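Source file: structure_37.tsv. Holds: TSV, C-alpha atoms.
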chain	number	residue	atom	x	y	z
F	437	MET	CA	163.80	170.61	196.81
F	438	SER	CA	161.52	170.19	193.88
F	439	THR	CA	161.03	172.58	191.08
F	440	THR	CA	157.77	172.96	189.19
F	441	THR	CA	157.85	173.97	185.59
F	442	PRO	CA	155.01	176.36	184.84
F	443	THR	CA	152.68	175.48	182.04
F	444	THR	CA	152.50	178.15	179.44
F	445	THR	CA	149.76	178.54	176.90
F	446	GLY	CA	150.62	180.50	173.89
F	447	PRO	CA	148.83	181.35	170.66
F	448	ALA	CA	150.05	178.18	168.93
F	449	THR	CA	148.63	175.93	171.68
F	450	ALA	CA	145.27	177.68	171.63
F	451	ALA	CA	145.05	177.32	167.85
F	452	ALA	CA	145.81	173.61	168.11
F	453	ASP	CA	143.04	173.16	170.69
F	454	ARG	CA	140.55	174.95	168.49
F	455	SER	CA	141.45	172.78	165.49
F	456	ALA	CA	141.04	169.60	167.55
F	457	ALA	CA	137.57	170.49	168.81
F	458	PRO	CA	134.65	169.56	166.51
F	459	ASN	CA	133.17	172.41	164.57
F	460	PRO	CA	129.40	172.01	164.31
F	461	SER	CA	129.19	174.48	161.46
F	462	ALA	CA	131.62	172.54	159.24
F	463	PRO	CA	130.04	170.32	156.51
F	464	ARG	CA	129.96	166.62	157.38
F	465	THR	CA	132.26	164.47	155.30
F	466	ARG	CA	130.46	161.47	153.74
F	467	ARG	CA	131.93	158.10	154.36
F	468	ARG	CA	132.97	155.94	151.45
F	469	GLY	CA	129.97	154.28	149.84
F	470	GLU	CA	127.47	156.59	151.55
F	471	ASN	CA	125.04	158.33	149.19
F	472	SER	CA	123.93	161.89	149.49
F	473	LEU	CA	120.33	162.75	150.24
F	474	ALA	CA	119.66	163.64	146.60
F	475	GLY	CA	121.27	160.43	145.39
F	476	SER	CA	119.27	158.36	147.87
F	477	LEU	CA	116.01	159.98	146.75
F	478	VAL	CA	116.81	159.40	143.08
F	479	SER	CA	117.73	155.73	143.65
F	480	HIS	CA	114.55	155.11	145.68
F	481	ALA	CA	112.45	156.82	143.00
F	482	ILE	CA	114.00	154.62	140.30
F	483	LEU	CA	113.36	151.48	142.36
F	484	ILE	CA	109.75	152.48	142.96
F	485	VAL	CA	109.15	153.10	139.25
F	486	ALA	CA	110.81	149.80	138.33
F	487	SER	CA	108.69	147.94	140.91
F	488	LEU	CA	105.49	149.52	139.60
F	489	ALA	CA	106.45	148.66	136.03
F	490	ALA	CA	107.01	145.02	137.06
F	491	LEU	CA	103.80	144.76	139.11
F	492	PHE	CA	101.49	146.59	136.71
F	493	PRO	CA	100.99	143.71	134.20
F	494	ILE	CA	100.16	141.33	137.07
F	495	ALA	CA	97.72	143.78	138.66
F	496	TRP	CA	96.13	144.46	135.27
F	497	LEU	CA	95.68	140.73	134.62
F	498	VAL	CA	94.01	140.25	138.02
F	499	PHE	CA	91.78	143.26	137.33
F	500	LEU	CA	90.66	141.94	133.93
F	501	SER	CA	89.96	138.51	135.44
F	502	LEU	CA	87.25	140.12	137.59
F	503	GLY	CA	85.27	141.32	134.58
F	504	PRO	CA	82.27	139.06	133.81
F	505	ASP	CA	82.15	139.73	130.04
F	506	LYS	CA	84.68	138.61	127.46
F	507	ASP	CA	84.85	142.10	125.94
F	508	ASP	CA	85.48	143.95	129.20
F	509	TYR	CA	89.13	144.38	128.29
F	510	LEU	CA	87.98	146.89	125.66
F	511	HIS	CA	86.27	149.03	128.33
F	512	PRO	CA	88.18	148.35	131.56
F	513	GLY	CA	86.56	151.25	133.37
F	514	ARG	CA	83.23	149.42	133.42
F	515	ILE	CA	84.67	146.53	135.43
F	516	PHE	CA	84.63	148.53	138.69
F	517	GLY	CA	80.84	148.41	138.91
F	518	LYS	CA	80.45	144.68	138.22
F	519	MET	CA	83.46	142.87	139.67
F	520	THR	CA	82.87	139.20	140.27
F	521	PHE	CA	84.70	135.92	140.85
F	522	ALA	CA	82.43	134.09	138.40
F	523	ASN	CA	85.29	133.62	135.95
F	524	TYR	CA	87.27	131.65	138.53
F	525	SER	CA	84.26	129.48	139.34
F	526	HIS	CA	83.71	128.77	135.66
F	527	VAL	CA	87.35	127.85	135.08
F	528	LEU	CA	87.50	125.54	138.08
F	529	GLN	CA	84.14	123.84	137.45
F	530	GLU	CA	83.46	123.98	133.71
F	531	THR	CA	86.92	123.45	132.20
F	532	PRO	CA	89.49	120.63	132.54
F	533	PHE	CA	91.61	122.89	134.73
F	534	PHE	CA	92.61	120.18	137.17
F	535	ASP	CA	93.57	117.84	134.32
F	536	TRP	CA	95.84	120.60	133.03
F	537	LEU	CA	97.20	121.07	136.55
F	538	ILE	CA	98.06	117.37	136.95
F	539	SER	CA	99.67	117.20	133.51
F	540	THR	CA	101.69	120.35	134.11
F	541	LEU	CA	102.93	119.22	137.52
F	542	VAL	CA	103.85	115.74	136.25
F	543	VAL	CA	105.79	117.14	133.31
F	544	SER	CA	107.39	120.04	135.21
F	545	LEU	CA	108.42	118.08	138.29
F	546	GLY	CA	109.57	115.14	136.16
F	547	THR	CA	111.72	117.48	134.05
F	548	THR	CA	113.08	119.09	137.22
F	549	VAL	CA	114.08	115.84	138.91
F	550	LEU	CA	115.48	114.08	135.85
F	551	GLY	CA	117.06	117.20	134.37
F	552	VAL	CA	118.81	118.25	137.58
F	553	LEU	CA	120.05	114.69	138.18
F	554	ILE	CA	121.59	114.44	134.71
F	555	ALA	CA	122.96	117.99	134.80
F	556	ALA	CA	124.47	117.56	138.28
F	557	THR	CA	126.31	114.34	137.40
F	558	THR	CA	127.47	115.85	134.10
F	559	GLY	CA	128.70	119.08	135.67
F	560	TYR	CA	130.48	117.21	138.48
F	561	ALA	CA	132.19	114.82	136.06
F	562	VAL	CA	133.50	117.67	133.89
F	563	SER	CA	134.54	119.70	136.95
F	564	ARG	CA	136.48	116.89	138.69
F	565	MET	CA	137.49	114.35	136.04
F	566	ARG	CA	139.86	114.91	133.14
F	567	PHE	CA	138.75	112.41	130.52
F	568	PRO	CA	139.60	112.77	126.81
F	569	GLY	CA	137.42	115.39	125.15
F	570	TYR	CA	135.82	116.78	128.30
F	571	ARG	CA	136.19	120.36	127.08
F	572	LYS	CA	134.73	119.57	123.66
F	573	PHE	CA	131.87	117.74	125.38
F	574	MET	CA	130.78	120.91	127.17
F	575	TRP	CA	130.96	122.90	123.95
F	576	VAL	CA	128.82	120.27	122.20
F	577	LEU	CA	126.19	120.79	124.92
F	578	LEU	CA	126.31	124.51	124.22
F	579	VAL	CA	125.95	124.00	120.46
F	580	THR	CA	122.73	122.02	120.98
F	581	GLN	CA	121.10	125.21	122.27
F	582	MET	CA	121.68	127.03	118.98
F	583	PHE	CA	119.06	125.14	116.95
F	584	PRO	CA	115.60	126.73	116.74
F	585	VAL	CA	112.51	124.84	117.84
F	586	ALA	CA	111.16	124.61	114.27
F	587	VAL	CA	114.24	122.67	113.17
F	588	LEU	CA	114.07	120.22	116.08
F	589	MET	CA	110.34	119.57	115.92
F	590	VAL	CA	110.25	117.04	113.06
F	591	PRO	CA	113.24	114.86	114.05
F	592	MET	CA	112.09	114.78	117.68
F	593	TYR	CA	108.60	113.76	116.62
F	594	GLU	CA	110.00	110.93	114.51
F	595	ILE	CA	112.20	109.73	117.39
F	596	LEU	CA	109.30	109.75	119.82
F	597	SER	CA	107.13	107.94	117.28
F	598	GLU	CA	109.71	105.18	116.94
F	599	LEU	CA	109.88	104.88	120.71
F	600	ARG	CA	106.08	105.07	121.02
F	601	LEU	CA	106.34	108.04	123.35
F	602	VAL	CA	104.11	110.47	121.47
F	603	ASP	CA	101.24	111.67	123.67
F	604	SER	CA	103.03	110.48	126.80
F	605	TYR	CA	104.40	112.35	129.78
F	606	LEU	CA	107.77	110.60	129.57
F	607	GLY	CA	108.26	111.65	125.95
F	608	LEU	CA	107.58	115.31	126.75
F	609	ILE	CA	109.84	115.15	129.83
F	610	LEU	CA	112.72	113.82	127.72
F	611	VAL	CA	112.17	116.60	125.17
F	612	TYR	CA	112.28	119.26	127.86
F	613	CYS	CA	115.38	117.69	129.41
F	614	SER	CA	117.15	118.11	126.07
F	615	THR	CA	116.62	121.85	126.54
F	616	ALA	CA	117.22	122.19	130.27
F	617	VAL	CA	120.19	119.83	130.78
F	618	PRO	CA	122.82	121.67	128.66
F	619	TYR	CA	122.30	125.00	130.42
F	620	CYS	CA	122.06	123.43	133.89
F	621	ALA	CA	125.20	121.37	133.27
F	622	TRP	CA	127.16	124.53	132.48
F	623	LEU	CA	125.67	126.25	135.52
F	624	LEU	CA	126.46	123.43	137.92
F	625	LYS	CA	129.92	122.87	136.48
F	626	GLY	CA	130.78	126.46	137.38
F	627	TYR	CA	129.35	125.96	140.85
F	628	PHE	CA	131.22	122.70	141.46
F	629	ASP	CA	134.43	124.50	140.51
F	630	THR	CA	133.96	126.73	143.59
F	631	ILE	CA	133.90	123.71	145.95
F	632	PRO	CA	137.44	122.83	147.14
F	633	PHE	CA	138.89	119.66	145.70
F	634	GLU	CA	140.14	118.74	149.16
F	635	ILE	CA	136.60	117.66	150.04
F	636	ASP	CA	136.77	114.95	147.37
F	637	GLU	CA	140.14	113.82	148.71
F	638	ALA	CA	138.73	113.66	152.23
F	639	GLY	CA	135.90	111.48	150.96
F	640	ARG	CA	138.34	109.07	149.35
F	641	VAL	CA	140.35	108.93	152.57
F	642	GLU	CA	137.15	107.92	154.38
F	643	GLY	CA	136.64	105.11	151.89
F	644	LEU	CA	133.80	106.66	149.87
F	645	THR	CA	133.39	105.83	146.21
F	646	PRO	CA	133.36	108.73	143.71
F	647	PHE	CA	129.56	108.58	143.57
F	648	GLY	CA	129.38	108.37	147.37
F	649	THR	CA	131.56	111.48	147.64
F	650	PHE	CA	129.34	113.23	145.13
F	651	ALA	CA	126.10	112.28	146.84
F	652	ARG	CA	127.10	112.64	150.50
F	653	LEU	CA	129.62	115.49	150.46
F	654	ILE	CA	129.32	117.57	147.29
F	655	LEU	CA	125.57	117.76	146.75
F	656	PRO	CA	124.79	119.15	150.24
F	657	LEU	CA	127.28	121.96	149.56
F	658	ALA	CA	125.80	122.62	146.12
F	659	LYS	CA	122.23	123.35	147.26
F	660	PRO	CA	122.20	126.95	145.93
F	661	GLY	CA	123.34	125.83	142.49
F	662	LEU	CA	120.88	122.95	142.48
F	663	ALA	CA	118.09	125.37	143.42
F	664	VAL	CA	118.83	127.55	140.40
F	665	ALA	CA	119.00	124.53	138.09
F	666	ALA	CA	115.73	123.18	139.51
F	667	PHE	CA	113.99	126.52	139.08
F	668	TYR	CA	115.17	126.87	135.48
F	669	SER	CA	114.10	123.32	134.61
F	670	PHE	CA	110.70	123.82	136.23
F	671	ILE	CA	110.02	127.09	134.41
F	672	THR	CA	111.22	125.64	131.10
F	673	ALA	CA	108.68	122.82	131.28
F	674	PHE	CA	105.92	124.87	132.89
F	675	GLY	CA	105.57	127.59	130.27
F	676	GLU	CA	106.61	125.87	127.04
F	677	VAL	CA	103.98	125.75	124.27
F	678	ALA	CA	105.43	124.50	120.97
F	679	PHE	CA	106.57	121.01	122.03
F	680	ALA	CA	103.59	120.46	124.35
F	681	SER	CA	101.02	121.33	121.68
F	682	THR	CA	102.77	119.07	119.13
F	683	PHE	CA	103.57	115.96	121.19
F	684	MET	CA	100.52	115.87	123.50
F	685	LEU	CA	97.43	114.88	121.49
F	686	SER	CA	94.87	114.13	124.22
F	687	ASP	CA	92.86	117.00	125.68
F	688	THR	CA	93.27	115.60	129.19
F	689	LYS	CA	97.07	115.69	128.85
F	690	TYR	CA	97.34	119.33	127.89
F	691	THR	CA	99.58	121.48	130.04
F	692	PHE	CA	98.54	124.92	131.22
F	693	ALA	CA	100.33	126.66	128.37
F	694	VAL	CA	98.37	124.64	125.81
F	695	GLY	CA	95.12	124.75	127.76
F	696	LEU	CA	95.13	128.54	127.70
F	697	GLN	CA	94.93	128.41	123.91
F	698	SER	CA	91.53	126.73	124.11
F	699	PHE	CA	89.97	130.04	125.19
F	700	VAL	CA	90.91	131.68	121.90
F	701	SER	CA	89.54	130.34	118.61
F	702	GLU	CA	89.19	131.69	115.10
F	703	HIS	CA	85.80	133.27	115.80
F	704	ASP	CA	85.80	133.83	119.56
F	705	ALA	CA	88.13	134.95	122.32
F	706	GLN	CA	87.12	134.50	125.97
F	707	ARG	CA	89.75	136.79	127.39
F	708	ASN	CA	88.09	137.06	130.78
F	709	LEU	CA	88.38	133.30	131.30
F	710	MET	CA	91.93	133.34	129.97
F	711	ALA	CA	92.87	136.04	132.48
F	712	ALA	CA	91.34	134.10	135.36
F	713	THR	CA	93.15	130.93	134.30
F	714	ALA	CA	96.43	132.82	134.00
F	715	VAL	CA	96.07	134.07	137.58
F	716	LEU	CA	95.43	130.53	138.81
F	717	VAL	CA	98.36	129.22	136.77
F	718	ALA	CA	100.71	131.64	138.53
F	719	ILE	CA	100.02	130.05	141.93
F	720	PRO	CA	102.12	126.84	141.43
F	721	VAL	CA	105.03	128.85	140.01
F	722	SER	CA	104.90	131.27	142.94
F	723	ALA	CA	104.84	128.38	145.40
F	724	PHE	CA	107.84	126.72	143.74
F	725	PHE	CA	109.73	130.02	143.70
F	726	TYR	CA	109.02	130.46	147.41
F	727	LEU	CA	110.56	127.06	148.13
F	728	VAL	CA	113.82	127.78	146.30
F	729	GLN	CA	114.17	131.55	146.73
F	730	LYS	CA	116.44	131.24	149.80
F	731	ASN	CA	119.15	129.64	147.70
F	732	LEU	CA	118.32	131.28	144.38
F	733	VAL	CA	120.39	134.47	144.66
F	734	THR	CA	123.40	132.64	146.12
F	735	GLY	CA	123.28	130.05	143.37
F	736	LEU	CA	123.06	132.67	140.61
F	737	THR	CA	126.20	134.48	141.78
F	738	ALA	CA	128.33	131.69	143.24
F	739	GLY	CA	129.36	130.13	139.92
F	740	GLY	CA	130.70	133.40	138.54
F	741	THR	CA	134.10	133.09	140.26
F	742	LYS	CA	136.25	130.11	141.05
F	743	GLY	CA	137.13	129.78	144.73
Starting from the file, lay out its structure as structure tokens.
Amino acid sequence: MSTTTPTTTGPATAAADRSAAPNPSAPRTRRRGENSLAGSLVSHAILIVASLAALFPIAWLVFLSLGPDKDDYLHPGRIFGKMTFANYSHVLQETPFFDWLISTLVVSLGTTVLGVLIAATTGYAVSRMRFPGYRKFMWVLLVTQMFPVAVLMVPMYEILSELRLVDSYLGLILVYCSTAVPYCAWLLKGYFDTIPFEIDEAGRVEGLTPFGTFARLILPLAKPGLAVAAFYSFITAFGEVAFASTFMLSDTKYTFAVGLQSFVSEHDAQRNLMAATAVLVAIPVSAFFYLVQKNLVTGLTAGGTKG
């Protein structure tokens, strides 16, 4: 004989059921990290304003480059009725633009290759090897960045004169490396610190020399850091004016930064041609940035912490 216990529902059970059921009228609780609608609108508005502020100078430069007269920048509203690409044709055909392009690429790419090579070997040596004075060596590299260009100009010119490297690409590349290598060495040293030391030990177990370990195992893992160092070295050489205008004496060896100065003289200023040249100058930098941008953000943040 079986007995069945009746199920009773009282007021307490009914209240529990009502509390367990979702209440559509109750306000939704935001999850952690989720912004409210007002906060999302404000953040998007700030980003839009910041983007417009960053893009406006570029758009204004492109707009002025379409004005045919050198004084159109004084009356920009008149450009709408007479836009033309004549400035670009003049720059490409009537000026030594391509000589400037070749000089700039030779100097910039040479600085990038040589500077990154020196900085990578320096940063790796300080990160992995404990030789006497390795800490002081890195601080000496940092101190070299504290001297202004005006102080360095005369002694560097005398050194290049003794080496017969004035008005030569190699001389200017070495000068730019003296600026790019200290910063890149610090950058890459911090990045190499994030790579486990066990990888070096594995390379030695496989019979690799220290340089073989560095070239075959460490460098492939350090691509983001190398991309940042390469981008910094390239930009340093690409846009520098003081050293290039002092050490390069031939018109055909001017870089873009120095060539732009030829449009402005004591009695004349061809700002329309300068604007068109500046737009054309931005193309190589944009192309180089596109090549390294995949690793750029990772390389900028990876050296901040030691793994």
Set the distance at 12 Å and use only C-alpha atoms: which residues neighbour Ala714 (chain F) once local chain neighbours fewer than 3 positions away are removed? I'd like the list as a ChimeraX atom specification. /F:493-501,523-524,527,533,675,692-697,699,707-711,717-721
Selected residues, C-alpha atoms, written as a PDB file, keeping the file's coordinate frame, please.
ATOM      1  CA  PRO F 493     100.990 143.710 134.200  1.00  0.00           C
ATOM      2  CA  ILE F 494     100.160 141.330 137.070  1.00  0.00           C
ATOM      3  CA  ALA F 495      97.720 143.780 138.660  1.00  0.00           C
ATOM      4  CA  TRP F 496      96.130 144.460 135.270  1.00  0.00           C
ATOM      5  CA  LEU F 497      95.680 140.730 134.620  1.00  0.00           C
ATOM      6  CA  VAL F 498      94.010 140.250 138.020  1.00  0.00           C
ATOM      7  CA  PHE F 499      91.780 143.260 137.330  1.00  0.00           C
ATOM      8  CA  LEU F 500      90.660 141.940 133.930  1.00  0.00           C
ATOM      9  CA  SER F 501      89.960 138.510 135.440  1.00  0.00           C
ATOM     10  CA  ASN F 523      85.290 133.620 135.950  1.00  0.00           C
ATOM     11  CA  TYR F 524      87.270 131.650 138.530  1.00  0.00           C
ATOM     12  CA  VAL F 527      87.350 127.850 135.080  1.00  0.00           C
ATOM     13  CA  PHE F 533      91.610 122.890 134.730  1.00  0.00           C
ATOM     14  CA  GLY F 675     105.570 127.590 130.270  1.00  0.00           C
ATOM     15  CA  PHE F 692      98.540 124.920 131.220  1.00  0.00           C
ATOM     16  CA  ALA F 693     100.330 126.660 128.370  1.00  0.00           C
ATOM     17  CA  VAL F 694      98.370 124.640 125.810  1.00  0.00           C
ATOM     18  CA  GLY F 695      95.120 124.750 127.760  1.00  0.00           C
ATOM     19  CA  LEU F 696      95.130 128.540 127.700  1.00  0.00           C
ATOM     20  CA  GLN F 697      94.930 128.410 123.910  1.00  0.00           C
ATOM     21  CA  PHE F 699      89.970 130.040 125.190  1.00  0.00           C
ATOM     22  CA  ARG F 707      89.750 136.790 127.390  1.00  0.00           C
ATOM     23  CA  ASN F 708      88.090 137.060 130.780  1.00  0.00           C
ATOM     24  CA  LEU F 709      88.380 133.300 131.300  1.00  0.00           C
ATOM     25  CA  MET F 710      91.930 133.340 129.970  1.00  0.00           C
ATOM     26  CA  ALA F 711      92.870 136.040 132.480  1.00  0.00           C
ATOM     27  CA  VAL F 717      98.360 129.220 136.770  1.00  0.00           C
ATOM     28  CA  ALA F 718     100.710 131.640 138.530  1.00  0.00           C
ATOM     29  CA  ILE F 719     100.020 130.050 141.930  1.00  0.00           C
ATOM     30  CA  PRO F 720     102.120 126.840 141.430  1.00  0.00           C
ATOM     31  CA  VAL F 721     105.030 128.850 140.010  1.00  0.00           C
TER      32      VAL F 721
END
Using Å and a single decimal, report how far CA of Val677 (chain F) sits from CA of Val590 (chain F). 15.5 Å
From the list F:Tyr619, F:Ala561, F:Leu601, F:Thr531, the nearest residue to Met582 (chain F) using only C-alpha atoms is F:Tyr619
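If you look at CA of Val576 (chain F) and CA of Leu553 (chain F), they are 19.1 Å away from each other.
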Contacts of Ala658 (chain F) at 9 Å or less, counting only C-alpha atoms, minus same-chain residues fewer than 6 places along, as number ranges by chain? F: 624, 627-628, 631, 735
May I ask for the distance between CA of Trp622 (chain F) and CA of Ala663 (chain F), given in Å to one decimal place? 14.2 Å
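Checking F:Thr713, F:Ser476, F:Ser681, F:Ser722 one by one against Met589 (chain F), counting all atoms listed in the file, you find the shortest gap at F:Ser681.
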Selected residue of minimal separation from Lys625 (chain F) among F:Met574, F:Ile609, F:Leu599, F:Val542, counting only C-alpha atoms: F:Met574
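If all atoms listed in the file are the atoms counted, then among F:Phe683, F:Phe633, F:Phe724, F:Phe650 the closest residue to Ser669 (chain F) is F:Phe724.
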